[in-house]
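Engineer: my_file_3.cif is reproduced in full below (mmCIF, C-alpha atoms).
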data_query
#
loop_
_atom_site.label_atom_id
_atom_site.label_comp_id
_atom_site.auth_asym_id
_atom_site.auth_seq_id
_atom_site.Cartn_x
_atom_site.Cartn_y
_atom_site.Cartn_z
CA MET A 1263 40.06 31.70 25.95
CA VAL A 1264 36.36 31.97 25.12
CA GLU A 1265 34.61 29.39 22.97
CA LEU A 1266 31.50 27.30 22.44
CA THR A 1267 31.83 23.90 24.12
CA GLU A 1268 30.44 21.82 21.20
CA ALA A 1269 30.21 21.86 17.42
CA ASP A 1270 26.58 20.64 17.62
CA TYR A 1271 23.75 21.34 20.04
CA GLN A 1272 20.58 19.36 19.58
CA GLN A 1273 17.02 19.40 20.96
CA ARG A 1274 13.67 17.83 20.07
CA GLU A 1275 10.63 20.02 19.54
CA GLY A 1276 8.27 20.06 22.49
CA GLN A 1277 10.89 18.86 24.99
CA GLY A 1278 13.41 20.56 27.27
CA ASN A 1279 11.19 23.63 27.65
CA ASN A 1280 11.41 24.07 23.88
CA VAL A 1281 14.90 25.55 23.99
CA ILE A 1282 18.29 24.53 22.66
CA THR A 1283 20.93 24.92 25.34
CA ALA A 1284 24.39 26.02 24.18
CA ARG A 1285 27.36 26.58 26.49
CA VAL A 1286 30.16 29.11 26.44
CA LEU A 1287 33.42 28.07 28.07
CA TYR A 1288 36.02 30.58 29.32
CA ASN A 1289 39.13 30.36 31.47
CA ARG A 1290 40.89 33.74 31.41
CA GLU A 1291 41.44 35.77 34.54
CA ILE A 1292 40.63 39.36 33.65
CA ALA A 1293 40.10 42.64 35.37
CA ASN A 1294 36.74 43.33 33.78
CA PRO A 1295 33.86 40.95 33.03
CA ILE A 1296 33.55 39.81 29.39
CA THR A 1297 30.36 40.53 27.48
CA VAL A 1298 29.52 37.99 24.78
CA THR A 1299 26.67 38.09 22.28
CA PHE A 1300 25.28 34.86 20.81
CA PHE A 1301 23.53 35.11 17.42
CA PRO A 1302 21.19 32.31 16.25
CA VAL A 1303 20.70 32.68 12.50
CA THR A 1304 19.66 30.66 9.45
CA TYR A 1305 22.27 29.11 7.19
CA ASP A 1306 21.51 31.56 4.40
CA ARG A 1307 21.95 34.54 6.67
CA TYR A 1308 25.12 33.09 8.11
CA LEU A 1309 26.61 32.42 4.71
CA ASN A 1310 25.33 35.42 2.78
CA GLY A 1311 24.01 38.20 4.99
CA LEU A 1312 26.96 38.10 7.36
CA ASN A 1313 29.53 37.29 4.67
CA LEU A 1314 31.14 34.63 6.84
CA ASP A 1315 32.60 31.32 5.77
CA LEU A 1316 30.77 28.22 7.02
CA PRO A 1317 33.20 26.08 9.03
CA SER A 1318 34.27 22.96 7.16
CA SER A 1319 33.17 20.85 10.15
CA PHE A 1320 29.51 21.56 9.36
CA PRO A 1321 28.11 18.55 7.44
CA GLY A 1322 24.79 20.25 6.69
CA ARG A 1323 21.32 18.68 6.83
CA GLU A 1324 18.52 17.95 4.35
CA VAL A 1325 16.27 20.66 5.75
CA GLU A 1326 17.48 24.04 6.95
CA ALA A 1327 15.53 25.85 9.63
CA ASP A 1328 13.88 29.12 8.73
CA ASP A 1329 12.86 32.10 10.84
CA ASP A 1330 9.56 30.42 11.85
CA ASP A 1331 11.40 27.57 13.58
CA PHE A 1332 13.28 29.50 16.28
CA ASN A 1333 13.59 32.82 18.05
CA GLY A 1334 16.42 34.64 16.31
CA SER A 1335 16.91 37.39 18.89
CA PRO A 1336 20.57 37.85 19.89
CA ILE A 1337 21.44 36.78 23.42
CA THR A 1338 23.95 38.89 25.37
CA ILE A 1339 25.59 37.49 28.48
CA THR A 1340 28.28 38.63 30.83
CA LEU A 1341 31.07 36.24 31.74
CA PRO A 1342 32.18 37.13 35.28
CA ASN A 1343 35.84 37.00 36.21
CA PRO A 1344 36.65 33.35 37.02
CA ALA A 1345 38.41 33.30 40.37
CA GLY A 1346 41.93 31.99 40.13
CA GLY A 1347 41.68 31.48 36.36
CA THR A 1348 39.55 28.35 36.66
CA VAL A 1349 37.48 27.10 33.73
CA ARG A 1350 33.81 28.04 33.83
CA GLN A 1351 30.76 27.57 31.63
CA VAL A 1352 27.69 29.72 31.01
CA GLU A 1353 24.50 28.36 29.42
CA LEU A 1354 22.62 30.03 26.59
CA GLN A 1355 19.02 29.08 25.83
CA ILE A 1356 17.68 29.53 22.30
CA PRO A 1357 13.85 29.19 22.08
CA ILE A 1358 12.54 26.91 19.32
CA ASN A 1359 8.98 26.67 18.00
CA ASP A 1360 6.79 23.55 18.20
CA ASP A 1361 5.09 24.16 14.86
CA MET A 1362 3.02 20.98 14.11
CA ILE A 1363 4.76 20.63 10.74
CA ASN A 1364 6.71 17.53 9.71
CA GLU A 1365 10.24 18.67 8.88
CA HIS A 1366 12.30 15.71 10.12
CA GLN A 1367 15.46 17.49 11.28
CA GLU A 1368 16.36 21.14 10.76
CA THR A 1369 19.53 23.05 11.39
CA LEU A 1370 20.56 26.63 12.00
CA VAL A 1371 23.80 28.29 13.05
CA GLY A 1372 24.76 29.96 16.33
CA PHE A 1373 27.89 32.07 16.70
CA ILE A 1374 29.40 34.29 19.35
CA GLU A 1375 31.13 37.66 19.26
CA ILE A 1376 32.86 39.62 22.01
CA ALA A 1377 30.75 42.71 22.66
CA ASN A 1378 32.84 44.85 25.02
CA ALA A 1379 35.60 46.66 23.16
CA VAL A 1380 37.85 46.99 26.20
CA ASP A 1381 38.94 43.36 26.09
CA GLU A 1382 38.03 42.44 22.52
CA GLY A 1383 41.57 42.54 21.20
CA THR A 1384 43.15 40.70 24.11
CA ILE A 1385 40.76 37.76 24.40
CA GLN A 1386 41.65 34.58 22.57
CA LEU A 1387 38.69 32.97 20.80
CA GLY A 1388 38.31 29.25 20.15
CA ARG A 1389 35.23 27.71 18.53
CA THR A 1390 32.89 30.59 17.69
CA ALA A 1391 30.19 28.83 15.66
CA ALA A 1392 28.09 25.70 16.11
CA GLN A 1393 25.20 23.89 14.49
CA LEU A 1394 21.89 24.06 16.32
CA ILE A 1395 19.85 20.99 15.41
CA ILE A 1396 16.07 20.78 15.87
CA ASP A 1397 14.67 17.23 15.87
CA ASP A 1398 11.10 17.22 14.65
CA ASN A 1399 8.33 15.75 16.83
CA ASP A 1400 5.59 15.85 14.21
CA ASP A 1401 5.61 12.32 12.84
CA ILE A 1402 3.70 11.90 9.61
CA THR A 1403 1.62 8.74 9.45
CA ILE A 1404 1.07 7.11 6.07
CA GLY A 1405 -1.18 4.07 5.75
CA PHE A 1406 -3.77 2.33 3.61
CA THR A 1407 -7.27 3.75 3.74
CA GLU A 1408 -8.81 0.26 3.92
CA GLU A 1409 -7.81 -2.88 5.80
CA SER A 1410 -8.80 -4.94 2.75
CA TYR A 1411 -9.69 -4.42 -0.91
CA THR A 1412 -11.64 -6.91 -3.04
CA PHE A 1413 -11.33 -7.15 -6.82
CA THR A 1414 -12.56 -9.61 -9.43
CA GLU A 1415 -10.09 -11.46 -11.62
CA GLY A 1416 -9.44 -9.42 -14.76
CA GLN A 1417 -10.94 -6.24 -13.24
CA SER A 1418 -9.49 -3.07 -14.75
CA GLY A 1419 -8.77 0.15 -12.90
CA ALA A 1420 -7.96 -1.56 -9.58
CA PHE A 1421 -5.98 0.45 -7.02
CA VAL A 1422 -5.24 0.77 -3.32
CA THR A 1423 -4.94 4.16 -1.61
CA LEU A 1424 -2.22 5.47 0.66
CA ALA A 1425 -3.13 8.51 2.77
CA LYS A 1426 -1.18 10.65 5.21
CA ASP A 1427 -2.57 12.05 8.43
CA ALA A 1428 -3.98 15.52 8.81
CA GLY A 1429 -0.62 16.99 9.83
CA ARG A 1430 1.24 19.28 7.47
CA ILE A 1431 4.47 18.65 5.60
CA SER A 1432 6.97 21.46 5.31
CA GLN A 1433 6.98 23.09 1.90
CA ARG A 1434 10.68 22.21 1.81
CA THR A 1435 10.08 18.54 2.51
CA ASP A 1436 8.98 15.54 0.48
CA ILE A 1437 8.22 12.22 2.16
CA ALA A 1438 8.81 8.94 0.36
CA ALA A 1439 6.83 5.80 1.17
CA MET A 1440 7.35 2.29 -0.17
CA ILE A 1441 5.03 -0.70 -0.36
CA SER A 1442 6.24 -4.27 0.05
CA LEU A 1443 4.62 -7.66 -0.53
CA GLY A 1444 3.77 -9.69 2.56
CA PRO A 1445 4.85 -13.31 3.07
CA SER A 1446 3.14 -16.40 1.63
CA PRO A 1447 0.58 -14.89 -0.76
CA SER A 1448 -1.98 -17.35 -2.12
CA ALA A 1449 -2.16 -15.21 -5.26
CA THR A 1450 0.91 -15.55 -7.49
CA PRO A 1451 2.84 -12.41 -8.53
CA ASP A 1452 2.95 -11.86 -12.31
CA SER A 1453 0.35 -14.62 -12.81
CA ASP A 1454 -2.55 -13.33 -10.72
CA PHE A 1455 -1.45 -9.72 -10.20
CA SER A 1456 1.34 -7.23 -10.81
CA ILE A 1457 2.25 -3.91 -9.16
CA THR A 1458 4.56 -1.57 -11.04
CA LEU A 1459 5.34 0.55 -7.95
CA LEU A 1460 6.17 -2.41 -5.70
CA GLY A 1461 9.49 -1.64 -4.01
CA SER A 1462 9.72 1.85 -5.55
CA ASP A 1463 9.63 5.22 -3.78
CA ILE A 1464 6.17 6.77 -3.67
CA ASP A 1465 6.67 10.50 -3.07
CA PHE A 1466 4.23 12.55 -1.01
CA ASN A 1467 4.69 16.21 -1.89
CA PRO A 1468 3.64 18.81 0.71
CA SER A 1469 0.21 19.21 -0.91
CA ASP A 1470 -0.52 15.47 -1.31
CA GLN A 1471 -3.13 14.04 1.05
CA SER A 1472 -3.45 10.65 -0.65
CA ILE A 1473 -1.97 8.68 -3.55
CA ASN A 1474 -3.62 5.83 -5.48
CA ILE A 1475 -1.38 2.84 -6.20
CA PRO A 1476 -2.55 1.07 -9.40
CA LEU A 1477 -2.80 -2.72 -9.42
CA SER A 1478 -3.08 -5.06 -12.39
CA ILE A 1479 -5.44 -7.92 -11.54
CA LEU A 1480 -4.62 -10.48 -14.22
CA GLU A 1481 -7.07 -12.72 -16.08
CA ASP A 1482 -6.63 -16.45 -16.50
CA SER A 1483 -8.84 -19.46 -17.25
CA LEU A 1484 -8.02 -21.45 -14.10
CA PRO A 1485 -10.62 -22.16 -11.42
CA GLU A 1486 -8.78 -21.00 -8.32
CA GLY A 1487 -11.35 -19.82 -5.83
CA VAL A 1488 -10.47 -16.81 -3.69
CA GLU A 1489 -6.82 -15.74 -3.61
CA SER A 1490 -5.14 -12.92 -1.74
CA PHE A 1491 -1.92 -11.10 -0.95
CA THR A 1492 -0.86 -8.58 1.69
CA LEU A 1493 0.80 -5.19 1.20
CA SER A 1494 2.72 -3.21 3.81
CA VAL A 1495 3.78 0.44 3.79
CA VAL A 1496 7.23 1.37 5.08
CA SER A 1497 9.30 4.53 5.21
CA ALA A 1498 11.72 5.25 2.40
CA GLY A 1499 14.60 7.64 2.87
CA ASN A 1500 15.27 9.58 6.06
CA PHE A 1501 11.76 10.50 7.15
CA PRO A 1502 10.31 8.07 9.69
CA PHE A 1503 6.57 7.52 10.01
CA GLY A 1504 4.68 7.67 13.26
CA ALA A 1505 2.37 4.98 14.57
CA ALA A 1506 -0.61 4.21 12.36
CA ARG A 1507 -3.53 6.52 13.02
CA THR A 1508 -7.01 5.14 13.62
CA ASP A 1509 -8.31 5.63 10.09
CA THR A 1510 -5.37 4.14 8.18
CA SER A 1511 -3.65 0.78 8.37
CA PRO A 1512 0.05 -0.04 7.88
CA THR A 1513 -0.99 -3.24 6.06
CA THR A 1514 -3.86 -4.20 3.78
CA GLN A 1515 -5.11 -7.45 2.29
CA VAL A 1516 -5.97 -7.55 -1.41
CA ILE A 1517 -8.55 -10.25 -2.20
CA ILE A 1518 -9.06 -11.59 -5.74
CA THR A 1519 -12.30 -13.41 -6.45
CA ASP A 1520 -12.17 -15.93 -9.27
CA ASN A 1521 -14.35 -15.52 -12.37
CA ASP A 1522 -13.67 -19.01 -13.69
CA GLY A 1523 -16.56 -21.29 -12.67
CA SER A 1524 -15.84 -24.76 -11.36
CA ILE A 1525 -17.61 -27.65 -9.68
CA GLU A 1526 -16.18 -29.75 -6.90
CA VAL A 1527 -16.63 -33.50 -7.19
CA CYS A 1528 -15.75 -35.71 -4.21
CA ALA A 1529 -15.11 -39.41 -3.71
CA VAL A 1530 -15.84 -40.66 -0.18
CA VAL A 1531 -15.33 -43.99 1.55
CA THR A 1532 -18.82 -45.06 2.68
CA ASN A 1533 -18.00 -48.59 3.85
CA PRO A 1534 -16.50 -49.43 6.27
CA PRO A 1535 -17.89 -46.60 8.44
CA MET A 1536 -15.66 -43.95 10.00
CA ASP A 1537 -15.24 -45.86 13.27
CA GLN A 1538 -13.74 -48.87 11.47
CA PRO A 1539 -10.34 -48.97 9.76
CA LEU A 1540 -9.73 -49.61 6.06
CA SER A 1541 -8.24 -52.96 5.20
CA SER A 1542 -5.71 -51.26 2.90
CA SER A 1543 -4.97 -48.00 1.15
CA PHE A 1544 -5.95 -47.46 -2.50
CA THR A 1545 -5.93 -44.89 -5.31
CA LEU A 1546 -8.54 -43.88 -7.88
CA LEU A 1547 -8.38 -42.31 -11.33
CA ALA A 1548 -10.88 -39.46 -11.88
CA ASP A 1549 -11.97 -38.88 -15.49
CA THR A 1550 -14.53 -36.83 -17.41
CA LEU A 1551 -16.49 -37.93 -20.48
CA SER A 1552 -18.38 -35.69 -22.87
CA ALA A 1553 -22.11 -36.07 -23.46
CA SER A 1554 -24.19 -33.11 -24.67
CA ALA A 1555 -21.60 -30.85 -23.01
CA VAL A 1556 -18.31 -30.93 -24.89
CA GLY A 1557 -14.93 -31.09 -23.15
CA GLY A 1558 -12.75 -28.12 -24.03
CA SER A 1559 -15.76 -25.96 -25.00
CA ASP A 1560 -18.19 -26.30 -22.11
CA TYR A 1561 -15.84 -27.67 -19.45
CA THR A 1562 -12.16 -28.53 -19.04
CA ASP A 1563 -11.33 -32.21 -19.58
CA PHE A 1564 -10.05 -33.80 -16.40
CA SER A 1565 -8.06 -36.99 -15.91
CA THR A 1566 -5.98 -37.32 -12.75
CA VAL A 1567 -5.02 -39.97 -10.22
CA LEU A 1568 -6.32 -38.72 -6.90
CA PRO A 1569 -4.11 -38.74 -3.78
CA VAL A 1570 -4.11 -42.01 -1.86
CA PHE A 1571 -7.10 -42.99 0.28
CA ASN A 1572 -6.21 -44.31 3.76
CA ASN A 1573 -7.48 -44.20 7.33
CA ASN A 1574 -6.50 -40.55 7.68
CA ASN A 1575 -7.80 -39.50 4.27
CA ARG A 1576 -11.16 -41.06 3.44
CA ARG A 1577 -12.38 -38.19 1.23
CA ARG A 1578 -10.72 -36.84 -1.92
CA CYS A 1579 -12.11 -34.01 -4.05
CA PHE A 1580 -11.25 -32.48 -7.40
CA ASP A 1581 -12.42 -29.37 -9.27
CA ILE A 1582 -13.66 -29.35 -12.87
CA ALA A 1583 -13.65 -25.96 -14.57
CA ILE A 1584 -16.92 -24.90 -16.19
CA LEU A 1585 -16.14 -22.69 -19.17
CA GLU A 1586 -18.02 -19.49 -19.96
CA ASP A 1587 -19.44 -18.70 -23.41
CA ASP A 1588 -21.99 -16.25 -24.83
CA LEU A 1589 -24.25 -18.82 -26.55
CA LEU A 1590 -27.86 -19.55 -25.64
CA GLU A 1591 -27.94 -23.30 -25.09
CA ALA A 1592 -30.15 -25.89 -23.47
CA SER A 1593 -28.90 -27.51 -20.28
CA GLU A 1594 -25.94 -29.73 -21.15
CA MET A 1595 -24.45 -32.73 -19.40
CA PHE A 1596 -21.17 -34.58 -19.06
CA ARG A 1597 -19.99 -37.37 -16.80
CA ALA A 1598 -17.31 -37.81 -14.17
CA PHE A 1599 -16.27 -41.33 -13.26
CA LEU A 1600 -13.84 -43.17 -11.03
CA THR A 1601 -11.61 -46.15 -11.81
CA LEU A 1602 -9.60 -48.17 -9.31
CA VAL A 1603 -5.86 -47.76 -9.96
CA SER A 1604 -4.26 -49.57 -7.03
CA GLY A 1605 -5.50 -51.50 -4.02
CA SER A 1606 -7.58 -54.64 -3.64
CA GLY A 1607 -11.01 -55.48 -2.34
CA VAL A 1608 -12.33 -52.00 -3.24
CA ASN A 1609 -15.79 -51.67 -4.75
CA VAL A 1610 -16.25 -48.32 -6.47
CA ASP A 1611 -19.98 -47.70 -6.32
CA PRO A 1612 -21.35 -45.46 -7.61
CA ALA A 1613 -18.46 -45.00 -10.01
CA GLU A 1614 -20.11 -42.34 -12.18
CA ALA A 1615 -21.82 -38.96 -11.68
CA THR A 1616 -23.72 -36.82 -14.18
CA ILE A 1617 -22.98 -33.10 -14.13
CA THR A 1618 -25.54 -30.70 -15.65
CA ILE A 1619 -24.53 -27.24 -16.87
CA THR A 1620 -27.38 -24.73 -16.79
CA ASP A 1621 -27.09 -21.93 -19.34
CA VAL A 1622 -27.11 -18.32 -18.11
CA ASP A 1623 -26.71 -16.50 -21.43
CA PRO A 1624 -29.69 -14.22 -22.22
CA LEU A 1625 -31.18 -14.01 -25.71
CA THR A 1626 -33.48 -11.27 -26.95
CA ILE A 1627 -35.68 -11.76 -30.04
CA GLY A 1628 -37.84 -9.00 -31.51
CA LEU A 1629 -39.60 -7.84 -34.67
CA GLN A 1630 -37.53 -6.02 -37.20
CA GLN A 1631 -40.14 -3.24 -37.44
CA THR A 1632 -42.74 -1.92 -35.05
CA MET A 1633 -45.17 -0.79 -37.82
CA TYR A 1634 -46.11 -2.31 -41.20
CA THR A 1635 -48.43 -0.76 -43.88
CA VAL A 1636 -50.26 -2.91 -46.47
CA ASN A 1637 -52.98 -2.35 -49.09
CA GLU A 1638 -56.30 -4.12 -48.99
CA GLY A 1639 -56.28 -7.05 -51.33
CA ASP A 1640 -52.54 -7.75 -50.95
CA PRO A 1641 -52.18 -11.52 -50.56
CA LEU A 1642 -49.79 -11.33 -47.56
CA VAL A 1643 -47.44 -9.18 -45.52
CA SER A 1644 -43.96 -10.29 -44.45
CA VAL A 1645 -43.27 -9.82 -40.72
CA CYS A 1646 -39.72 -10.69 -39.68
CA ALA A 1647 -38.25 -11.49 -36.27
CA GLU A 1648 -34.56 -11.24 -35.45
CA VAL A 1649 -32.11 -11.79 -32.60
CA THR A 1650 -31.43 -8.36 -31.14
CA SER A 1651 -28.93 -9.39 -28.43
CA GLY A 1652 -27.08 -12.54 -27.48
CA ALA A 1653 -26.01 -15.49 -29.62
CA VAL A 1654 -27.86 -18.66 -30.55
CA GLY A 1655 -26.06 -21.90 -29.78
CA ARG A 1656 -28.99 -24.19 -30.63
CA GLU A 1657 -32.22 -24.13 -32.63
CA THR A 1658 -34.64 -21.66 -31.07
CA ILE A 1659 -38.39 -21.40 -31.81
CA ALA A 1660 -40.33 -18.19 -31.21
CA SER A 1661 -44.11 -17.96 -31.64
CA LEU A 1662 -45.82 -15.07 -33.42
CA ALA A 1663 -49.43 -14.13 -32.74
CA SER A 1664 -51.72 -11.44 -34.15
CA GLN A 1665 -53.96 -9.20 -32.13
CA GLN A 1666 -56.96 -7.30 -33.51
CA ASN A 1667 -56.84 -3.56 -33.13
CA THR A 1668 -58.89 -1.45 -35.60
CA ALA A 1669 -58.85 -3.81 -38.57
CA THR A 1670 -61.62 -6.51 -38.76
#
What does this structure look like when you write it as structure tokens?

Structural biologist:
Amino acid sequence: MVELTEADYQQREGQGNNVITARVLYNREIANPITVTFFPVTYDRYLNGLNLDLPSSFPGREVEADDDDFNGSPITITLPNPAGGTVRQVELQIPINDDMINEHQETLVGFIEIANAVDEGTIQLGRTAAQLIIDDNDDITIGFTEESYTFTEGQSGAFVTLAKDAGRISQRTDIAAMISLGPSPSATPDSDFSITLLGSDIDFNPSDQSINIPLSILEDSLPEGVESFTLSVVSAGNFPFGAARTDTSPTTQVIITDNDGSIEVCAVVTNPPMDQPLSSSFTLLADTLSASAVGGSDYTDFSTVLPVFNNNNRRRCFDIAILEDDLLEASEMFRAFLTLVSGSGVNVDPAEATITITDVDPLTIGLQQTMYTVNEGDPLVSVCAEVTSGAVGRETIASLASQQNTAT
């Protein structure tokens, strides 16, 4: 009996002297030594070129090795006569190539044939073919190009970038990445942002060095300050990533800066001082009242009972949204005031604050024409000024002066 000891032989690139070790088992007492030839070949050559049937025990792999992955030279060995008919094994070593290409796991086929005709017809053969599996050692690293990205609320064209390392991907291999949302984001999905590709496979083809992941940074009218969320990149499918390289990051923070202006107004206990306790807890109602600034147009009306004041909480603040418009206006004012809701012996003083909104909308006024022609003796000439950019939200006065040039 002569056969291969296993259906699979496996080795990782760059280890074990870069060879796959197969073993031939034999246990027949013979007069002459047996010569066996081992052929390492690709799947295609095994199936087509040699016109042999692939054993049904071969499950197959995603990537098949090609001629650049191993040394395909046949290996001929002589099996000496085992004394007393005992079982013996002989090792075969098939060189594999450490090629610096990410291929995950590749397979080829090795099979044996009896080479010496003297005993060929009398030797019983067992397993004659096996899979030779090459485990890749070229991990591809995929990560974000920046540790953080900052966008403004409502900004269009926002994206984060995934890049792979400088290593190559086999032309027969695609690598799929996936991005996931980190825990406890302060920005709210579908209200502050949305990501179409979140949780979907992002395929790196062999030629892809980087891929941009589009983000939708959503607009709202709420004063929220700075919000953020975290994204992580993970492997999708059967191709594991290596450790993050120095110029990419496995996670990134996306920061959203608010474009809705607001002002913080605070109520503070001033008496008794901090080193003395309050006689009791109390609550206040915070309200706004229009003056020259109009609630709903220039600011958002506010009326809320603030959280309770006590020895541990002697300061309570609230935000009032300042609304944006495109109108040129004078400085406008409104009031915020406090009213005692519960508690006794509390003097609210001062109970009112005036808030001034300073306009930032530019207005450009110019003459309709840069040159006018009149005849001597004409009683007058009409010179007109107009608003060339911006919008007028109040009465605006512009002065017009003449300057002598050649006319006297």

Engineer: What is the atom CA of Glu1409 of chain A to atom CA of Thr1510 of chain A distance in Å?

Structural biologist: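 So the answer is 7.8 Å.
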
Engineer: Taking the file as shown, find all residues satisfying the PyMOL selection byres ((chain A and resi 1298) around 12) and write them as a PyMOL selection string.

Structural biologist: chain A and resi 1264-1266+1285-1288+1295-1297+1299-1301+1336-1342+1352-1354+1373-1379+1381-1382+1385+1387+1390

Engineer: Please list, as a list of chain:residue names, the residues that have an atom at most 7 Å away from (-4.6, 6.3, -1.5) in the coordinates of this file, counting only C-alpha atoms.

Structural biologist: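 Answer for this query, in the requested form: A:Phe1406, A:Thr1407, A:Val1422, A:Thr1423, A:Leu1424, A:Ala1425, A:Ser1472, A:Ile1473, A:Asn1474, A:Ile1475.
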
Engineer: Pull out every residue that the PyMOL selection byres ((chain A and resi 1426) around 7) matches in the shown coordinates and put them as a list in words.

Structural biologist: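 That selection, the PyMOL selection byres ((chain A and resi 1426) around 7), comes back as Ile1402, Thr1403, Ile1404, Gly1405, Leu1424, Ala1425, Asp1427, Ala1428, Gln1471 and Ser1472 of chain A.
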
Engineer: Please identify all polymer residues within 6 Å of Asp1454 of chain A, counting all atoms listed in the file, omitting same-chain residues fewer than 4 positions from it, and present them as a list of chain:residue names.

Structural biologist: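 Contacts, in chain order: A:Ala1449, A:Thr1450, A:Leu1480.
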
Engineer: Between atom CA of Ser1524 of chain A and atom CA of Cys1579 of chain A, measure the distance and give it in Å to one decimal.

Structural biologist: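 One can read the atom CA of Ser1524 of chain A to atom CA of Cys1579 of chain A distance as 12.4 Å.
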
Engineer: Between atom CA of Phe1599 of chain A and atom CA of Arg1578 of chain A, what is the distance in Å, rounded to a tenth?

Structural biologist: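 These atoms are spaced 13.4 Å apart.
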
Engineer: With all atoms listed in the file counted, which protein, DNA or RNA residues have an atom no more than 12 Å from (-11.9, -5.9, -9.9) in the file frame? Please answer as a list in words.

Structural biologist: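 The distance filter leaves exactly Tyr1411, Thr1412, Phe1413, Thr1414, Glu1415, Gly1416, Gln1417, Ser1418, Gly1419, Ala1420, Phe1421, Val1422, Asp1454, Phe1455, Pro1476, Leu1477, Ser1478, Ile1479, Leu1480, Glu1481, Val1516, Ile1517, Ile1518, Thr1519, Asp1520 and Asn1521 of chain A.
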
Engineer: If we count only C-alpha atoms, what is near Tyr1634 of chain A at a cut-off of 12 Å, once residues fewer than 2 positions away on the same chain are taken out, given as a PDB file with C-alpha atoms, in the frame of the given file?

Structural biologist:
ATOM      1  CA  LEU A1629     -39.600  -7.840 -34.670  1.00  0.00           C
ATOM      2  CA  GLN A1630     -37.530  -6.020 -37.200  1.00  0.00           C
ATOM      3  CA  GLN A1631     -40.140  -3.240 -37.440  1.00  0.00           C
ATOM      4  CA  THR A1632     -42.740  -1.920 -35.050  1.00  0.00           C
ATOM      5  CA  VAL A1636     -50.260  -2.910 -46.470  1.00  0.00           C
ATOM      6  CA  ASN A1637     -52.980  -2.350 -49.090  1.00  0.00           C
ATOM      7  CA  LEU A1642     -49.790 -11.330 -47.560  1.00  0.00           C
ATOM      8  CA  VAL A1643     -47.440  -9.180 -45.520  1.00  0.00           C
ATOM      9  CA  SER A1644     -43.960 -10.290 -44.450  1.00  0.00           C
ATOM     10  CA  VAL A1645     -43.270  -9.820 -40.720  1.00  0.00           C
ATOM     11  CA  CYS A1646     -39.720 -10.690 -39.680  1.00  0.00           C
TER      12      CYS A1646
END

Engineer: A:Gln1272, A:Thr1635, A:Asn1574, A:Thr1304: which is nearest Ala1327 of chain A, counting all atoms listed in the file?

Structural biologist: A:Thr1304

Engineer: Compile the contact shell of Gln1277 of chain A as a list in words: residues with an atom at most 12 Å away, counting all atoms listed in the file, same-chain residues fewer than 6 positions apart removed.

Structural biologist: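 The neighbour list is Thr1283, Pro1357, Ile1358, Asn1359, Asp1360, Ile1396, Asp1397, Asp1398 and Asn1399 of chain A.
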